[in-house]
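To be precise, the following lines are final.pdb, and they hold PDB, C-alpha atoms.
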```pdb
ATOM      1  CA  MET B   1       0.000   0.000   0.000  1.00  0.00           C
ATOM      2  CA  GLU B   2       2.852   2.386   0.809  1.00  0.00           C
ATOM      3  CA  LEU B   3       4.449   1.794  -2.594  1.00  0.00           C
ATOM      4  CA  LEU B   4       1.203   2.606  -4.403  1.00  0.00           C
ATOM      5  CA  TYR B   5       0.708   5.726  -2.277  1.00  0.00           C
ATOM      6  CA  ALA B   6       4.269   6.930  -2.886  1.00  0.00           C
ATOM      7  CA  SER B   7       3.916   6.216  -6.612  1.00  0.00           C
ATOM      8  CA  CYS B   8       0.745   8.319  -6.779  1.00  0.00           C
ATOM      9  CA  VAL B   9       2.458  11.212  -4.986  1.00  0.00           C
ATOM     10  CA  GLY B  10       5.456  10.920  -7.315  1.00  0.00           C
ATOM     11  CA  LEU B  11       3.221  10.841 -10.392  1.00  0.00           C
ATOM     12  CA  LEU B  12       1.346  13.948  -9.235  1.00  0.00           C
ATOM     13  CA  VAL B  13       4.624  15.785  -8.598  1.00  0.00           C
ATOM     14  CA  THR B  14       5.990  14.781 -12.000  1.00  0.00           C
ATOM     15  CA  CYS B  15       2.855  15.867 -13.851  1.00  0.00           C
ATOM     16  CA  GLY B  16       2.690  19.087 -11.831  1.00  0.00           C
ATOM     17  CA  VAL B  17       6.282  20.062 -12.595  1.00  0.00           C
ATOM     18  CA  PHE B  18       5.819  19.183 -16.262  1.00  0.00           C
ATOM     19  CA  LEU B  19       2.734  21.380 -16.504  1.00  0.00           C
ATOM     20  CA  ILE B  20       4.342  24.263 -14.596  1.00  0.00           C
ATOM     21  CA  LEU B  21       7.098  24.400 -17.227  1.00  0.00           C
ATOM     22  CA  ARG B  22       4.598  24.996 -20.078  1.00  0.00           C
ATOM     23  CA  ALA B  23       4.424  28.328 -21.917  1.00  0.00           C
ATOM     24  CA  ARG B  24       0.689  28.976 -21.442  1.00  0.00           C
ATOM     25  CA  THR B  25      -1.038  30.070 -18.254  1.00  0.00           C
ATOM     26  CA  PHE B  26      -3.782  27.409 -18.031  1.00  0.00           C
ATOM     27  CA  PRO B  27      -1.344  24.442 -17.874  1.00  0.00           C
ATOM     28  CA  VAL B  28       0.637  26.348 -15.242  1.00  0.00           C
ATOM     29  CA  VAL B  29      -2.502  26.689 -13.104  1.00  0.00           C
ATOM     30  CA  LEU B  30      -3.229  22.966 -13.516  1.00  0.00           C
ATOM     31  CA  GLY B  31       0.376  22.146 -12.621  1.00  0.00           C
ATOM     32  CA  LEU B  32       0.199  24.211  -9.443  1.00  0.00           C
ATOM     33  CA  THR B  33      -3.035  22.478  -8.512  1.00  0.00           C
ATOM     34  CA  MET B  34      -1.531  19.019  -9.066  1.00  0.00           C
ATOM     35  CA  LEU B  35       1.521  19.997  -7.046  1.00  0.00           C
ATOM     36  CA  SER B  36      -0.684  21.172  -4.174  1.00  0.00           C
ATOM     37  CA  TYR B  37      -2.581  17.851  -4.275  1.00  0.00           C
ATOM     38  CA  ALA B  38       0.742  16.009  -4.083  1.00  0.00           C
ATOM     39  CA  VAL B  39       1.800  18.083  -1.080  1.00  0.00           C
ATOM     40  CA  ASN B  40      -1.554  17.387   0.599  1.00  0.00           C
ATOM     41  CA  LEU B  41      -1.114  13.639   0.105  1.00  0.00           C
ATOM     42  CA  PHE B  42       2.452  13.853   1.389  1.00  0.00           C
ATOM     43  CA  LEU B  43       1.336  15.743   4.505  1.00  0.00           C
ATOM     44  CA  PHE B  44      -1.442  13.229   5.066  1.00  0.00           C
ATOM     45  CA  SER B  45       1.013  10.330   4.854  1.00  0.00           C
ATOM     46  CA  SER B  46       3.286  11.953   7.448  1.00  0.00           C
ATOM     47  CA  GLY B  47       0.787  10.784  10.090  1.00  0.00           C
ATOM     48  CA  ARG B  48       1.430   7.178   9.024  1.00  0.00           C
ATOM     49  CA  LEU B  49      -1.053   5.232   6.963  1.00  0.00           C
ATOM     50  CA  ALA B  50      -3.417   3.423   9.322  1.00  0.00           C
ATOM     51  CA  LEU B  51      -6.620   1.527   8.752  1.00  0.00           C
ATOM     52  CA  ASN B  52      -9.613   1.464  11.116  1.00  0.00           C
ATOM     53  CA  GLU B  53      -8.128   3.872  13.646  1.00  0.00           C
ATOM     54  CA  ALA B  54     -10.156   6.710  15.113  1.00  0.00           C
ATOM     55  CA  ALA B  55      -8.995  10.295  14.823  1.00  0.00           C
ATOM     56  CA  VAL B  56     -10.693  11.216  18.105  1.00  0.00           C
ATOM     57  CA  LEU B  57      -9.404   9.867  21.416  1.00  0.00           C
ATOM     58  CA  GLY B  58     -11.641   7.587  23.403  1.00  0.00           C
ATOM     59  CA  TYR B  59     -13.396   5.795  20.528  1.00  0.00           C
ATOM     60  CA  SER B  60     -10.845   3.006  20.121  1.00  0.00           C
ATOM     61  CA  GLU B  61      -7.596   1.832  21.658  1.00  0.00           C
ATOM     62  CA  ALA B  62      -5.524   2.735  18.603  1.00  0.00           C
ATOM     63  CA  TYR B  63      -5.935   6.206  17.173  1.00  0.00           C
ATOM     64  CA  ALA B  64      -4.609   8.143  14.199  1.00  0.00           C
ATOM     65  CA  ASP B  65      -2.598  11.322  14.580  1.00  0.00           C
ATOM     66  CA  PRO B  66      -4.970  14.283  14.027  1.00  0.00           C
ATOM     67  CA  LEU B  67      -2.208  16.822  13.294  1.00  0.00           C
ATOM     68  CA  PRO B  68      -1.610  15.786   9.637  1.00  0.00           C
ATOM     69  CA  GLN B  69      -5.362  15.887   9.048  1.00  0.00           C
ATOM     70  CA  ALA B  70      -5.513  19.447  10.373  1.00  0.00           C
ATOM     71  CA  LEU B  71      -2.492  20.430   8.259  1.00  0.00           C
ATOM     72  CA  VAL B  72      -4.080  18.982   5.124  1.00  0.00           C
ATOM     73  CA  LEU B  73      -7.354  20.779   5.807  1.00  0.00           C
ATOM     74  CA  THR B  74      -5.467  24.062   6.164  1.00  0.00           C
ATOM     75  CA  ALA B  75      -3.448  23.330   3.023  1.00  0.00           C
ATOM     76  CA  ILE B  76      -6.636  22.665   1.044  1.00  0.00           C
ATOM     77  CA  VAL B  77      -8.044  26.068   2.007  1.00  0.00           C
ATOM     78  CA  ILE B  78      -4.773  27.842   1.202  1.00  0.00           C
ATOM     79  CA  GLY B  79      -4.445  25.930  -2.082  1.00  0.00           C
ATOM     80  CA  PHE B  80      -7.957  26.926  -3.127  1.00  0.00           C
ATOM     81  CA  ALA B  81      -7.239  30.591  -2.392  1.00  0.00           C
ATOM     82  CA  MET B  82      -3.928  30.398  -4.272  1.00  0.00           C
ATOM     83  CA  THR B  83      -5.613  28.782  -7.281  1.00  0.00           C
ATOM     84  CA  ALA B  84      -8.321  31.458  -7.365  1.00  0.00           C
ATOM     85  CA  PHE B  85      -5.665  34.186  -7.188  1.00  0.00           C
ATOM     86  CA  VAL B  86      -3.569  32.651  -9.990  1.00  0.00           C
ATOM     87  CA  VAL B  87      -6.647  32.234 -12.199  1.00  0.00           C
ATOM     88  CA  ILE B  88      -7.510  35.918 -11.706  1.00  0.00           C
ATOM     89  CA  LEU B  89      -3.913  36.853 -12.548  1.00  0.00           C
ATOM     90  CA  ALA B  90      -4.073  34.719 -15.697  1.00  0.00           C
ATOM     91  CA  ILE B  91      -7.339  36.328 -16.792  1.00  0.00           C
ATOM     92  CA  ARG B  92      -5.921  39.807 -16.148  1.00  0.00           C
ATOM     93  CA  GLY B  93      -2.738  38.968 -18.065  1.00  0.00           C
ATOM     94  CA  ARG B  94      -4.799  37.700 -20.987  1.00  0.00           C
ATOM     95  CA  ALA B  95      -6.863  40.888 -21.011  1.00  0.00           C
ATOM     96  CA  ASP B  96      -3.869  43.241 -20.723  1.00  0.00           C
ATOM     97  CA  LEU B  97      -1.434  41.490 -23.067  1.00  0.00           C
ATOM     98  CA  GLY B  98      -3.811  39.929 -25.565  1.00  0.00           C
ATOM     99  CA  ASN B  99      -2.313  36.433 -25.218  1.00  0.00           C
ATOM    100  CA  ASP B 100      -1.978  33.790 -22.537  1.00  0.00           C
ATOM    101  CA  HIS B 101       1.761  33.146 -22.656  1.00  0.00           C
ATOM    102  CA  VAL B 102       3.534  33.126 -19.321  1.00  0.00           C
ATOM    103  CA  ASN B 103       6.131  35.713 -20.346  1.00  0.00           C
ATOM    104  CA  GLY B 104       3.623  37.811 -22.300  1.00  0.00           C
ATOM    105  CA  GLN B 105       5.347  37.315 -25.655  1.00  0.00           C
ATOM    106  CA  GLU B 106       4.416  34.927 -28.426  1.00  0.00           C
ATOM    107  CA  THR B 107       7.130  32.684 -29.808  1.00  0.00           C
ATOM    108  CA  SER B 108       8.454  33.328 -33.326  1.00  0.00           C
ATOM    109  CA  LYS B 109       6.860  30.073 -34.540  1.00  0.00           C
ATOM    110  CA  ASN B 110       3.397  31.301 -33.517  1.00  0.00           C
ATOM    111  CA  LYS B 111       3.975  34.749 -35.063  1.00  0.00           C
ATOM    112  CA  THR B 112       4.817  33.262 -38.461  1.00  0.00           C
ATOM    113  CA  LYS B 113       1.665  31.100 -38.417  1.00  0.00           C
ATOM    114  CA  GLY B 114      -0.513  34.147 -37.890  1.00  0.00           C
ATOM    115  CA  LYS B 115       1.020  36.076 -40.828  1.00  0.00           C
ATOM    116  CA  ALA B 116       0.731  33.323 -43.406  1.00  0.00           C
TER
END
```
Just dump the structure as structure tokens.
Amino acid sequence: MELLYASCVGLLVTCGVFLILRARTFPVVLGLTMLSYAVNLFLFSSGRLALNEAAVLGYSEAYADPLPQALVLTAIVIGFAMTAFVVILAIRGRADLGNDHVNGQETSKNKTKGKA
């Protein structure tokens, strides 16, 4: 189970980094979102993967650590706010610059396609 969990986190990190390195703003937003999901899964696994253990004391003899769950909940809220902010920045950049490239400039390959 730990190998599958670590593989999923690694796959999310790989896809997130790949998408962050794209030239358009929408893949960058998706990459940041995937990277935040990977961090959330990593934080959740820091409390050790346990089955059938209560998060609240007194309901069973063995209990799960509630701190990683609280950290993940906080990270989800912060990640949602960050994603909303980046989307607004991308929309504003598109409106101001007229394109959705990260650096605000079209590549020479795209400029020649538009002229032909």
Proximity to Ile20 (chain B) - best of B:Thr33, B:Thr83, B:Thr74, B:Ser46, all atoms listed in the file: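 Ranking B:Thr33, B:Thr83, B:Thr74, B:Ser46 by distance to Ile20 (chain B), first place goes to B:Thr33.
Selection by the PyMOL selection byres ((chain B and resi 93-101) around 12) on the present file picks out Leu21, Arg22, Ala23, Arg24, Thr25, Phe26, Pro27, Val28, Val29, Val86, Val87, Ile88, Leu89, Ala90, Ile91, Arg92, Val102, Asn103, Gly104, Gln105, Glu106, Thr107, Asn110 and Lys111 of chain B.
Of the listed residues B:Ser7, B:Ser36, B:Ser45, B:Thr14, the one whose atoms come nearest to Ala75 (chain B) is B:Ser36, with distances taken using all atoms listed in the file.
Distances to Tyr5 (chain B) were evaluated for B:Phe80, B:Phe42, B:Phe18, B:Tyr37 using all atoms listed in the file, and the minimum falls at B:Phe42.
Applied to the file shown here, the PyMOL selection byres ((chain B and resi 10) around 12) selects Leu3, Leu4, Tyr5, Ala6, Ser7, Cys8, Val9, Leu11, Leu12, Val13, Thr14, Cys15, Gly16, Val17, Met34, Leu35, Tyr37, Ala38, Val39, Leu41 and Phe42 of chain B.
For the pair CA of Ile78 (chain B) and CA of Met1 (chain B), the separation is 28.3 Å.
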Atomic distance CA of Gly31 (chain B) - CA of Ala84 (chain B), expressed in Å with one decimal: 13.8 Å
Coordinates-based distance that separates CA of Leu73 (chain B) from CA of Asn40 (chain B) (Å, one decimal):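 Rounded to one decimal, the two atoms are 8.5 Å apart.
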The centre and edge lengths of an axis-aligned box containing all atoms of region 74-77 of chain B present in the file, extended by 8 Å on each side, are to be given in Å to one decimal, as AutoDock Vina command-line options.
```
--center_x -5.7 --center_y 24.4 --center_z 3.6 --size_x 20.6 --size_y 19.4 --size_z 21.1
```
Please reconstruct the missing atoms of region 65-76 of chain B (target: N, CA, C and O atoms) and return them as a tab-separated table (two decimals), in the frame of the given file.
```tsv
chain	number	residue	atom	x	y	z
B	65	ASP	N	-3.09	10.00	14.20
B	65	ASP	CA	-2.60	11.32	14.58
B	65	ASP	C	-3.46	12.40	13.91
B	65	ASP	O	-3.56	12.43	12.68
B	66	PRO	N	-4.10	13.28	14.65
B	66	PRO	CA	-4.97	14.28	14.03
B	66	PRO	C	-4.22	15.48	13.45
B	66	PRO	O	-4.79	16.26	12.69
B	67	LEU	N	-2.95	15.66	13.78
B	67	LEU	CA	-2.21	16.82	13.29
B	67	LEU	C	-2.06	16.85	11.77
B	67	LEU	O	-2.31	17.89	11.16
B	68	PRO	N	-1.68	15.73	11.10
B	68	PRO	CA	-1.61	15.79	9.64
B	68	PRO	C	-2.96	16.07	8.99
B	68	PRO	O	-3.02	16.75	7.96
B	69	GLN	N	-4.04	15.60	9.60
B	69	GLN	CA	-5.36	15.89	9.05
B	69	GLN	C	-5.68	17.37	9.14
B	69	GLN	O	-6.24	17.96	8.21
B	70	ALA	N	-5.30	18.01	10.23
B	70	ALA	CA	-5.51	19.45	10.37
B	70	ALA	C	-4.62	20.22	9.40
B	70	ALA	O	-5.06	21.23	8.82
B	71	LEU	N	-3.39	19.77	9.21
B	71	LEU	CA	-2.49	20.43	8.26
B	71	LEU	C	-3.02	20.32	6.84
B	71	LEU	O	-2.95	21.29	6.06
B	72	VAL	N	-3.54	19.17	6.47
B	72	VAL	CA	-4.08	18.98	5.12
B	72	VAL	C	-5.32	19.84	4.92
B	72	VAL	O	-5.50	20.46	3.87
B	73	LEU	N	-6.18	19.94	5.92
B	73	LEU	CA	-7.35	20.78	5.81
B	73	LEU	C	-6.96	22.24	5.61
B	73	LEU	O	-7.52	22.94	4.76
B	74	THR	N	-5.96	22.70	6.34
B	74	THR	CA	-5.47	24.06	6.16
B	74	THR	C	-4.83	24.24	4.80
B	74	THR	O	-5.04	25.26	4.13
B	75	ALA	N	-4.09	23.25	4.33
B	75	ALA	CA	-3.45	23.33	3.02
B	75	ALA	C	-4.47	23.34	1.90
B	75	ALA	O	-4.26	23.99	0.87
B	76	ILE	N	-5.58	22.65	2.07
B	76	ILE	CA	-6.64	22.66	1.04
B	76	ILE	C	-7.23	24.06	0.91
B	76	ILE	O	-7.42	24.57	-0.19
```
